[in-house]
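Structure data follow from input-v5.pdb (PDB, C-alpha atoms and all ligand atoms):
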ATOM      1  CA  MET A 171      21.288   3.293   0.544  1.00  0.00           C
ATOM      2  CA  LEU A 172      17.904   4.877  -0.140  1.00  0.00           C
ATOM      3  CA  VAL A 173      14.824   2.741  -0.737  1.00  0.00           C
ATOM      4  CA  ASP A 174      11.820   3.933  -2.701  1.00  0.00           C
ATOM      5  CA  SER A 175       9.196   1.968  -0.806  1.00  0.00           C
ATOM      6  CA  HIS A 176       6.259   3.002  -2.990  1.00  0.00           C
ATOM      7  CA  CYS A 177       6.375   3.406  -6.738  1.00  0.00           C
ATOM      8  CA  HIS A 178       4.239   2.219  -9.641  1.00  0.00           C
ATOM      9  CA  LEU A 179       6.755   1.251 -12.296  1.00  0.00           C
ATOM     10  CA  GLU A 180       4.259  -0.731 -14.360  1.00  0.00           C
ATOM     11  CA  PHE A 181       2.112   2.332 -15.089  1.00  0.00           C
ATOM     12  CA  PRO A 182       1.992   2.787 -18.872  1.00  0.00           C
ATOM     13  CA  GLU A 183       3.532   6.283 -18.667  1.00  0.00           C
ATOM     14  CA  PHE A 184       6.888   4.718 -17.755  1.00  0.00           C
ATOM     15  CA  ALA A 185       6.888   1.968 -20.376  1.00  0.00           C
ATOM     16  CA  PRO A 186       8.651   3.922 -23.164  1.00  0.00           C
ATOM     17  CA  GLU A 187      11.671   4.712 -20.972  1.00  0.00           C
ATOM     18  CA  LEU A 188      11.668   2.296 -18.065  1.00  0.00           C
ATOM     19  CA  ASP A 189      15.412   1.564 -18.366  1.00  0.00           C
ATOM     20  CA  GLN A 190      16.138   5.292 -18.047  1.00  0.00           C
ATOM     21  CA  VAL A 191      13.680   5.723 -15.150  1.00  0.00           C
ATOM     22  CA  ILE A 192      15.422   2.970 -13.194  1.00  0.00           C
ATOM     23  CA  ALA A 193      18.867   4.270 -14.175  1.00  0.00           C
ATOM     24  CA  ARG A 194      18.043   7.806 -12.998  1.00  0.00           C
ATOM     25  CA  ALA A 195      16.770   6.449  -9.686  1.00  0.00           C
ATOM     26  CA  THR A 196      19.894   4.336  -9.245  1.00  0.00           C
ATOM     27  CA  ASP A 197      22.132   7.312 -10.090  1.00  0.00           C
ATOM     28  CA  ALA A 198      20.299   9.338  -7.442  1.00  0.00           C
ATOM     29  CA  GLY A 199      21.201   6.754  -4.813  1.00  0.00           C
ATOM     30  CA  ILE A 200      18.033   4.645  -4.793  1.00  0.00           C
ATOM     31  CA  GLY A 201      19.319   1.117  -4.264  1.00  0.00           C
ATOM     32  CA  ARG A 202      15.960  -0.637  -3.927  1.00  0.00           C
ATOM     33  CA  MET A 203      12.505   0.080  -5.321  1.00  0.00           C
ATOM     34  CA  VAL A 204       9.228  -1.534  -4.309  1.00  0.00           C
ATOM     35  CA  THR A 205       6.719  -1.356  -7.122  1.00  0.00           C
ATOM     36  CA  ILE A 206       3.233  -1.510  -5.647  1.00  0.00           C
ATOM     37  CA  SER A 207       0.500  -3.635  -7.187  1.00  0.00           C
ATOM     38  CA  THR A 208      -2.882  -2.035  -7.861  1.00  0.00           C
ATOM     39  CA  ARG A 209      -4.507  -4.899  -9.793  1.00  0.00           C
ATOM     40  CA  VAL A 210      -3.954  -8.533  -8.866  1.00  0.00           C
ATOM     41  CA  ARG A 211      -4.902  -9.659 -12.356  1.00  0.00           C
ATOM     42  CA  GLN A 212      -2.139  -7.556 -13.876  1.00  0.00           C
ATOM     43  CA  PHE A 213       0.594  -8.948 -11.673  1.00  0.00           C
ATOM     44  CA  ASP A 214       2.369 -10.406 -14.721  1.00  0.00           C
ATOM     45  CA  LYS A 215       3.419  -6.850 -15.701  1.00  0.00           C
ATOM     46  CA  ILE A 216       4.903  -6.237 -12.269  1.00  0.00           C
ATOM     47  CA  LYS A 217       6.583  -9.615 -12.123  1.00  0.00           C
ATOM     48  CA  ALA A 218       8.237  -8.993 -15.492  1.00  0.00           C
ATOM     49  CA  ILE A 219       9.742  -5.754 -14.146  1.00  0.00           C
ATOM     50  CA  ALA A 220      10.900  -7.402 -10.910  1.00  0.00           C
ATOM     51  CA  GLU A 221      12.525 -10.174 -12.963  1.00  0.00           C
ATOM     52  CA  ARG A 222      14.281  -7.703 -15.218  1.00  0.00           C
ATOM     53  CA  TYR A 223      15.798  -5.421 -12.570  1.00  0.00           C
ATOM     54  CA  ASP A 224      17.650  -6.808  -9.539  1.00  0.00           C
ATOM     55  CA  GLU A 225      16.868  -3.688  -7.489  1.00  0.00           C
ATOM     56  CA  VAL A 226      13.089  -3.888  -7.960  1.00  0.00           C
ATOM     57  CA  PHE A 227      10.875  -5.749  -5.494  1.00  0.00           C
ATOM     58  CA  CYS A 228       7.073  -5.753  -5.488  1.00  0.00           C
ATOM     59  CA  THR A 229       3.754  -6.312  -3.712  1.00  0.00           C
ATOM     60  CA  ILE A 230       0.481  -7.982  -4.642  1.00  0.00           C
ATOM     61  CA  GLY A 231      -2.940  -6.418  -4.198  1.00  0.00           C
ATOM     62  CA  THR A 232      -5.982  -4.555  -5.466  1.00  0.00           C
ATOM     63  CA  HIS A 233      -6.088  -0.773  -4.986  1.00  0.00           C
ATOM     64  CA  PRO A 234      -9.427   0.390  -3.525  1.00  0.00           C
ATOM     65  CA  HIS A 235     -10.051   2.324  -6.755  1.00  0.00           C
ATOM     66  CA  ASN A 236     -10.042  -1.002  -8.630  1.00  0.00           C
ATOM     67  CA  ALA A 237     -11.867  -3.114  -6.038  1.00  0.00           C
ATOM     68  CA  SER A 238     -15.004  -3.443  -8.163  1.00  0.00           C
ATOM     69  CA  GLU A 239     -12.951  -4.914 -11.030  1.00  0.00           C
ATOM     70  CA  GLU A 240     -11.572  -7.694  -8.842  1.00  0.00           C
ATOM     71  CA  THR A 241     -14.319  -8.724  -6.425  1.00  0.00           C
ATOM     72  CA  ASP A 242     -13.382 -12.401  -6.716  1.00  0.00           C
ATOM     73  CA  VAL A 243      -9.791 -12.110  -5.462  1.00  0.00           C
ATOM     74  CA  THR A 244      -9.306 -14.417  -2.482  1.00  0.00           C
ATOM     75  CA  ALA A 245      -6.739 -14.549   0.294  1.00  0.00           C
ATOM     76  CA  ASP A 246      -5.640 -17.915  -1.123  1.00  0.00           C
ATOM     77  CA  GLU A 247      -4.857 -16.298  -4.462  1.00  0.00           C
ATOM     78  CA  LEU A 248      -2.952 -13.431  -2.813  1.00  0.00           C
ATOM     79  CA  CYS A 249      -0.956 -15.856  -0.671  1.00  0.00           C
ATOM     80  CA  ALA A 250      -0.106 -18.025  -3.678  1.00  0.00           C
ATOM     81  CA  ILE A 251       1.223 -15.050  -5.654  1.00  0.00           C
ATOM     82  CA  ALA A 252       3.014 -13.751  -2.553  1.00  0.00           C
ATOM     83  CA  ASP A 253       5.067 -16.950  -2.597  1.00  0.00           C
ATOM     84  CA  TYR A 254       7.207 -15.402  -5.354  1.00  0.00           C
ATOM     85  CA  ASP A 255      10.381 -14.385  -3.563  1.00  0.00           C
ATOM     86  CA  LYS A 256      10.413 -10.758  -4.735  1.00  0.00           C
ATOM     87  CA  VAL A 257       6.976 -10.061  -3.226  1.00  0.00           C
ATOM     88  CA  VAL A 258       7.647  -8.144  -0.002  1.00  0.00           C
ATOM     89  CA  GLY A 259       4.166  -6.848   0.873  1.00  0.00           C
ATOM     90  CA  ILE A 260       0.403  -7.172   0.417  1.00  0.00           C
ATOM     91  CA  GLY A 261      -1.539  -4.291  -1.161  1.00  0.00           C
ATOM     92  CA  GLU A 262      -1.979  -1.562  -1.710  1.00  0.00           C
ATOM     93  CA  ALA A 263      -5.481  -2.086  -0.357  1.00  0.00           C
ATOM     94  CA  GLY A 264      -7.810  -0.084   1.823  1.00  0.00           C
ATOM     95  CA  LEU A 265     -10.536   2.524   1.538  1.00  0.00           C
ATOM     96  CA  ASP A 266     -10.726   5.632  -0.620  1.00  0.00           C
ATOM     97  CA  PHE A 267     -13.959   7.514   0.066  1.00  0.00           C
ATOM     98  CA  HIS A 268     -12.571  10.675  -1.506  1.00  0.00           C
ATOM     99  CA  TYR A 269     -12.834   9.351  -5.051  1.00  0.00           C
ATOM    100  CA  ASP A 270     -15.297   6.505  -4.382  1.00  0.00           C
ATOM    101  CA  ASN A 271     -14.202   4.835  -7.629  1.00  0.00           C
ATOM    102  CA  SER A 272     -15.535   1.540  -6.272  1.00  0.00           C
ATOM    103  CA  PRO A 273     -18.594   1.118  -4.032  1.00  0.00           C
ATOM    104  CA  ARG A 274     -17.661   1.396  -0.369  1.00  0.00           C
ATOM    105  CA  ASP A 275     -18.869  -2.050   0.673  1.00  0.00           C
ATOM    106  CA  ILE A 276     -16.808  -3.613  -2.121  1.00  0.00           C
ATOM    107  CA  GLN A 277     -13.723  -1.655  -1.040  1.00  0.00           C
ATOM    108  CA  ALA A 278     -14.263  -2.861   2.527  1.00  0.00           C
ATOM    109  CA  ALA A 279     -14.648  -6.517   1.509  1.00  0.00           C
ATOM    110  CA  SER A 280     -11.470  -6.332  -0.587  1.00  0.00           C
ATOM    111  CA  PHE A 281      -9.618  -4.636   2.295  1.00  0.00           C
ATOM    112  CA  ARG A 282     -10.530  -7.511   4.614  1.00  0.00           C
ATOM    113  CA  VAL A 283      -9.359 -10.129   2.086  1.00  0.00           C
ATOM    114  CA  HIS A 284      -5.987  -8.368   1.912  1.00  0.00           C
ATOM    115  CA  ILE A 285      -5.783  -8.226   5.704  1.00  0.00           C
ATOM    116  CA  GLU A 286      -6.290 -11.987   5.839  1.00  0.00           C
ATOM    117  CA  ALA A 287      -3.478 -12.482   3.324  1.00  0.00           C
ATOM    118  CA  ALA A 288      -1.158 -10.226   5.365  1.00  0.00           C
ATOM    119  CA  ARG A 289      -2.004 -12.188   8.500  1.00  0.00           C
ATOM    120  CA  ARG A 290      -1.306 -15.524   6.803  1.00  0.00           C
ATOM    121  CA  THR A 291       1.887 -14.547   4.982  1.00  0.00           C
ATOM    122  CA  GLY A 292       3.298 -12.248   7.674  1.00  0.00           C
ATOM    123  CA  LEU A 293       4.022  -9.702   4.936  1.00  0.00           C
ATOM    124  CA  PRO A 294       3.217  -6.050   5.721  1.00  0.00           C
ATOM    125  CA  LEU A 295      -0.098  -4.751   4.419  1.00  0.00           C
ATOM    126  CA  ILE A 296       0.308  -1.462   2.545  1.00  0.00           C
ATOM    127  CA  ILE A 297      -2.840   0.453   3.430  1.00  0.00           C
ATOM    128  CA  HIS A 298      -4.224   3.221   1.241  1.00  0.00           C
ATOM    129  CA  THR A 299      -6.804   5.207   3.203  1.00  0.00           C
ATOM    130  CA  ARG A 300      -8.298   8.530   2.211  1.00  0.00           C
ATOM    131  CA  SER A 301     -11.337  10.322   3.649  1.00  0.00           C
ATOM    132  CA  ALA A 302     -12.299   7.077   5.347  1.00  0.00           C
ATOM    133  CA  ASP A 303     -10.879   7.447   8.854  1.00  0.00           C
ATOM    134  CA  ASP A 304     -13.719   5.930  10.884  1.00  0.00           C
ATOM    135  CA  ALA A 305     -14.320   2.989   8.568  1.00  0.00           C
ATOM    136  CA  THR A 306     -10.580   2.269   8.377  1.00  0.00           C
ATOM    137  CA  ALA A 307     -10.180   2.338  12.165  1.00  0.00           C
ATOM    138  CA  GLU A 308     -13.209   0.100  12.618  1.00  0.00           C
ATOM    139  CA  ILE A 309     -11.997  -2.539  10.151  1.00  0.00           C
ATOM    140  CA  LEU A 310      -8.433  -2.523  11.480  1.00  0.00           C
ATOM    141  CA  GLU A 311      -9.598  -2.896  15.061  1.00  0.00           C
ATOM    142  CA  ASP A 312     -12.055  -5.658  14.189  1.00  0.00           C
ATOM    143  CA  GLU A 313      -9.526  -7.585  12.085  1.00  0.00           C
ATOM    144  CA  MET A 314      -6.719  -7.176  14.613  1.00  0.00           C
ATOM    145  CA  GLY A 315      -9.040  -8.909  17.097  1.00  0.00           C
ATOM    146  CA  LYS A 316      -9.033 -11.992  14.844  1.00  0.00           C
ATOM    147  CA  GLY A 317      -5.235 -12.202  14.737  1.00  0.00           C
ATOM    148  CA  ALA A 318      -2.322  -9.820  14.320  1.00  0.00           C
ATOM    149  CA  PHE A 319      -0.953  -8.667  10.978  1.00  0.00           C
ATOM    150  CA  PRO A 320       1.828  -6.199  10.109  1.00  0.00           C
ATOM    151  CA  MET A 321       0.754  -2.973   8.424  1.00  0.00           C
ATOM    152  CA  LEU A 322       1.748   0.404   7.100  1.00  0.00           C
ATOM    153  CA  LEU A 323      -0.592   3.374   6.697  1.00  0.00           C
ATOM    154  CA  HIS A 324       0.991   4.677   3.529  1.00  0.00           C
ATOM    155  CA  CYS A 325       1.114   8.319   2.419  1.00  0.00           C
ATOM    156  CA  PHE A 326      -0.748   9.310   5.565  1.00  0.00           C
ATOM    157  CA  SER A 327      -3.241  12.158   5.107  1.00  0.00           C
ATOM    158  CA  SER A 328      -5.849  11.278   7.731  1.00  0.00           C
ATOM    159  CA  SER A 329      -6.714  12.485  11.230  1.00  0.00           C
ATOM    160  CA  ALA A 330      -4.744  12.416  14.467  1.00  0.00           C
ATOM    161  CA  ALA A 331      -7.358   9.962  15.746  1.00  0.00           C
ATOM    162  CA  LEU A 332      -6.576   7.468  12.985  1.00  0.00           C
ATOM    163  CA  ALA A 333      -2.825   7.952  13.510  1.00  0.00           C
ATOM    164  CA  ARG A 334      -3.276   7.177  17.211  1.00  0.00           C
ATOM    165  CA  LYS A 335      -5.458   4.170  16.499  1.00  0.00           C
ATOM    166  CA  GLY A 336      -2.939   2.883  13.969  1.00  0.00           C
ATOM    167  CA  ILE A 337      -0.063   3.175  16.403  1.00  0.00           C
ATOM    168  CA  GLU A 338      -2.113   1.517  19.128  1.00  0.00           C
ATOM    169  CA  LEU A 339      -2.665  -1.419  16.753  1.00  0.00           C
ATOM    170  CA  GLY A 340       1.024  -1.620  15.831  1.00  0.00           C
ATOM    171  CA  ALA A 341       0.992   0.118  12.443  1.00  0.00           C
ATOM    172  CA  TYR A 342       3.840   1.971  10.834  1.00  0.00           C
ATOM    173  CA  ILE A 343       2.865   5.338   9.386  1.00  0.00           C
ATOM    174  CA  SER A 344       4.453   6.846   6.293  1.00  0.00           C
ATOM    175  CA  PHE A 345       4.433  10.543   5.501  1.00  0.00           C
ATOM    176  CA  SER A 346       5.033  11.627   1.933  1.00  0.00           C
ATOM    177  CA  GLY A 347       5.796  14.954   0.281  1.00  0.00           C
ATOM    178  CA  ILE A 348       2.343  16.119   1.390  1.00  0.00           C
ATOM    179  CA  LEU A 349       4.071  16.995   4.658  1.00  0.00           C
ATOM    180  CA  THR A 350       5.727  19.929   2.865  1.00  0.00           C
ATOM    181  CA  PHE A 351       2.497  21.398   1.454  1.00  0.00           C
ATOM    182  CA  LYS A 352       1.641  24.828   2.798  1.00  0.00           C
ATOM    183  CA  ALA A 353      -1.853  23.756   3.808  1.00  0.00           C
ATOM    184  CA  ALA A 354      -0.656  20.627   5.604  1.00  0.00           C
ATOM    185  CA  ASN A 355      -0.291  22.143   9.077  1.00  0.00           C
ATOM    186  CA  GLU A 356      -2.506  19.573  10.716  1.00  0.00           C
ATOM    187  CA  LEU A 357      -0.473  16.769   9.167  1.00  0.00           C
ATOM    188  CA  ARG A 358       2.771  18.334  10.401  1.00  0.00           C
ATOM    189  CA  GLN A 359       1.279  18.487  13.898  1.00  0.00           C
ATOM    190  CA  ILE A 360       0.411  14.783  13.680  1.00  0.00           C
ATOM    191  CA  ALA A 361       3.942  13.958  12.595  1.00  0.00           C
ATOM    192  CA  LYS A 362       5.371  16.033  15.446  1.00  0.00           C
ATOM    193  CA  ARG A 363       2.990  15.243  18.270  1.00  0.00           C
ATOM    194  CA  VAL A 364       1.441  11.852  17.597  1.00  0.00           C
ATOM    195  CA  ILE A 365       4.304   9.963  16.056  1.00  0.00           C
ATOM    196  CA  ALA A 366       7.265  11.425  17.911  1.00  0.00           C
TER     197      ALA A 366
HETATM  198 ZN    ZN A 401       0.302   3.847  -4.688  1.00  0.00          ZN
HETATM  199 ZN    ZN A 402      -2.031   4.825  -2.178  1.00  0.00          ZN
END
Take the structure in this file and express it as C-alpha cells.
Amino acid sequence: MLVDSHCHLEFPEFAPELDQVIARATDAGIGRMVTISTRVRQFDKIKAIAERYDEVFCTIGTHPHNASEETDVTADELCAIADYDKVVGIGEAGLDFHYDNSPRDIQAASFRVHIEAARRTGLPLIIHTRSADDATAEILEDEMGKGAFPMLLHCFSSSAALARKGIELGAYISFSGILTFKAANELRQIAKRVIA
C-alpha cells in the first residue's frame, strides 16, 4: 500500500471534486493520505474531510507562512486538538525565509510552540524549512536539549549541513519530486552521501 504522507486536501481548489480526487488516488494505489494542517483555526475543514473518508488522516499546525495570523496558538491548544484520533502529526510548522510571508521572529516563536506540542504528544513534528538552515538547526538543537521530540524535515531542499544536523538529532528526512529536477544535483548528492 502507498501512503501519501503530505497533501492539502482542504485547499479550496479541490473542493469542487474532492470525491473524485480521493477516488483517483485510491485507484492509483494510495491507501492512506495525511492531509497537513496549515492553519490551526481552520482545523474544522480538515476534520470534516478526515471524518468523511476512512483513508484520510491529518495533522494540526500553523504553516510558517501563516504564523502571523495565529500568534496566540498555544501548545495546550495543539495538544487538545491532537487528541482527536485521526491526528497523526503536529505541523506543518517551521521557518520559511524564502517567502518571509510572516516576520521571522513570529515564525520562530510558532515553531517552538509546535515543538513543545510534539514533545508532549509524542506525535512527529512535520517541519517545513526553506532558506533558513542556520536558524532551523539552532532552534532544533536548543529545543532538543529541553527534551526529545520526533520530527521529519519534509520536502527537504536545504544544505548538507542541515541534513547532517537533523540526522544527528534523530530526524527523518523526506525528499520530494524536487530530487528529479535537473538543477537539483546538490540535493541528489545529499540523498546519496548524507542519508545513505
Ligand atoms: Zn505542505
Ligand atoms: Zn511545506
CA of Glu311 (chain A) and CA of Gln277 (chain A) are how many Å apart?
16.7 Å
Hey, could you pull the box centre and edge lengths for region 242-258 of chain A, axis-aligned, 3 Å padding per side, all listed atoms, to one decimal in Å, as JSON?
{"center_x": -1.5, "center_y": -13.1, "center_z": -3.2, "size_x": 29.8, "size_y": 15.9, "size_z": 13.0}
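Closest approach to Ser207 (chain A) from the set A:Glu262, A:Asp189, A:Glu225, A:Asp253 is made by A:Glu262, with distances taken over all atoms listed in the file.
Across the structure, CA of Met171 (chain A) and CA of Gly201 (chain A) are spaced 5.6 Å apart.
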Residues within 10 Å of ligand ZN 401 (chain A), counting all atoms listed in the file: report them as a PyMOL selection string.
chain A and resi 175-178+205-208+233+261-263+296-298+324-325
Quick one: write out the picked residues with C-alpha atoms as a PDB file, in the frame of the given file?
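Done, and the output landed in out_3.pdb:
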ATOM      1  CA  SER A 175       9.196   1.968  -0.806  1.00  0.00           C
ATOM      2  CA  HIS A 176       6.259   3.002  -2.990  1.00  0.00           C
ATOM      3  CA  CYS A 177       6.375   3.406  -6.738  1.00  0.00           C
ATOM      4  CA  HIS A 178       4.239   2.219  -9.641  1.00  0.00           C
ATOM      5  CA  THR A 205       6.719  -1.356  -7.122  1.00  0.00           C
ATOM      6  CA  ILE A 206       3.233  -1.510  -5.647  1.00  0.00           C
ATOM      7  CA  SER A 207       0.500  -3.635  -7.187  1.00  0.00           C
ATOM      8  CA  THR A 208      -2.882  -2.035  -7.861  1.00  0.00           C
ATOM      9  CA  HIS A 233      -6.088  -0.773  -4.986  1.00  0.00           C
ATOM     10  CA  GLY A 261      -1.539  -4.291  -1.161  1.00  0.00           C
ATOM     11  CA  GLU A 262      -1.979  -1.562  -1.710  1.00  0.00           C
ATOM     12  CA  ALA A 263      -5.481  -2.086  -0.357  1.00  0.00           C
ATOM     13  CA  ILE A 296       0.308  -1.462   2.545  1.00  0.00           C
ATOM     14  CA  ILE A 297      -2.840   0.453   3.430  1.00  0.00           C
ATOM     15  CA  HIS A 298      -4.224   3.221   1.241  1.00  0.00           C
ATOM     16  CA  HIS A 324       0.991   4.677   3.529  1.00  0.00           C
ATOM     17  CA  CYS A 325       1.114   8.319   2.419  1.00  0.00           C
TER      18      CYS A 325
END
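Residues of protein, DNA and RNA with at least one atom no farther than 12 Å from (2.7, 15.3, 12.9) are, using all atoms listed in the file, Phe326, Ser327, Ser328, Ser329, Ala330, Ala331, Ala333, Arg334, Ile343, Ser344, Phe345, Ser346, Ile348, Leu349, Thr350, Ala354, Asn355, Glu356, Leu357, Arg358, Gln359, Ile360, Ala361, Lys362, Arg363, Val364, Ile365 and Ala366 of chain A.
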For the provided coordinates, the residues matched by the PyMOL selection byres (((chain A and resi 192) around 10) and not hetatm) should be stated as a short mmCIF file (atom, residue, chain, number, x, y, z; two decimals) with C-alpha atoms, in the frame of the given file.
data_model
loop_
_atom_site.label_atom_id
_atom_site.label_comp_id
_atom_site.auth_asym_id
_atom_site.auth_seq_id
_atom_site.Cartn_x
_atom_site.Cartn_y
_atom_site.Cartn_z
CA LEU A 179 6.76 1.25 -12.30
CA PHE A 184 6.89 4.72 -17.76
CA GLU A 187 11.67 4.71 -20.97
CA LEU A 188 11.67 2.30 -18.07
CA ASP A 189 15.41 1.56 -18.37
CA GLN A 190 16.14 5.29 -18.05
CA VAL A 191 13.68 5.72 -15.15
CA ALA A 193 18.87 4.27 -14.18
CA ARG A 194 18.04 7.81 -13.00
CA ALA A 195 16.77 6.45 -9.69
CA THR A 196 19.89 4.34 -9.24
CA ASP A 197 22.13 7.31 -10.09
CA ALA A 198 20.30 9.34 -7.44
CA ILE A 200 18.03 4.64 -4.79
CA GLY A 201 19.32 1.12 -4.26
CA ARG A 202 15.96 -0.64 -3.93
CA MET A 203 12.50 0.08 -5.32
CA TYR A 223 15.80 -5.42 -12.57
CA GLU A 225 16.87 -3.69 -7.49
CA VAL A 226 13.09 -3.89 -7.96
#
Within 12 Å of region 313-320 of chain A, counting only C-alpha atoms, which residues show up once you throw out same-chain ones fewer than 5 positions away? Write them as a PyMOL selection string, please.
chain A and resi 258-261+278-279+281-297+306-308+335-343
Residues near Tyr269 (chain A), cut-off 9 Å, all atoms listed in the file, skip fewer than 3 positions along chain, as a ChimeraX atom specification
/A:235,266,272,300-301
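Look at Asp214 (chain A): the protein and nucleic acid residues within 10 Å of it, using all atoms listed in the file and passing over chain neighbours fewer than 5 places away, are Glu180, Ile219 and Ala220 of chain A.
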State, in Å with one decimal place, the distance from CA of Leu248 (chain A) to CA of Asp303 (chain A).
25.2 Å
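Taking only C-alpha atoms and all ligand atoms into account, ligand ZN 402 (chain A) lies nearest to A:Thr299 out of the set A:Val204, A:Asp275, A:Thr299, A:Asp304.
Counting all atoms listed in the file and comparing A:Asp174, A:Asp312, A:Glu183, A:Gln212, the residue that lies closest to Ile251 (chain A) is A:Gln212.
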Find, counting only C-alpha atoms, the residue in A:Pro186, A:Asp242, A:Cys228, A:Asn271 that gets nearest to Tyr254 (chain A).
A:Cys228
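Shortest separation to Pro234 (chain A) among A:Arg211, A:Arg274, A:Lys256, A:Arg222 occurs at residue A:Arg274, atoms counted being all atoms listed in the file.
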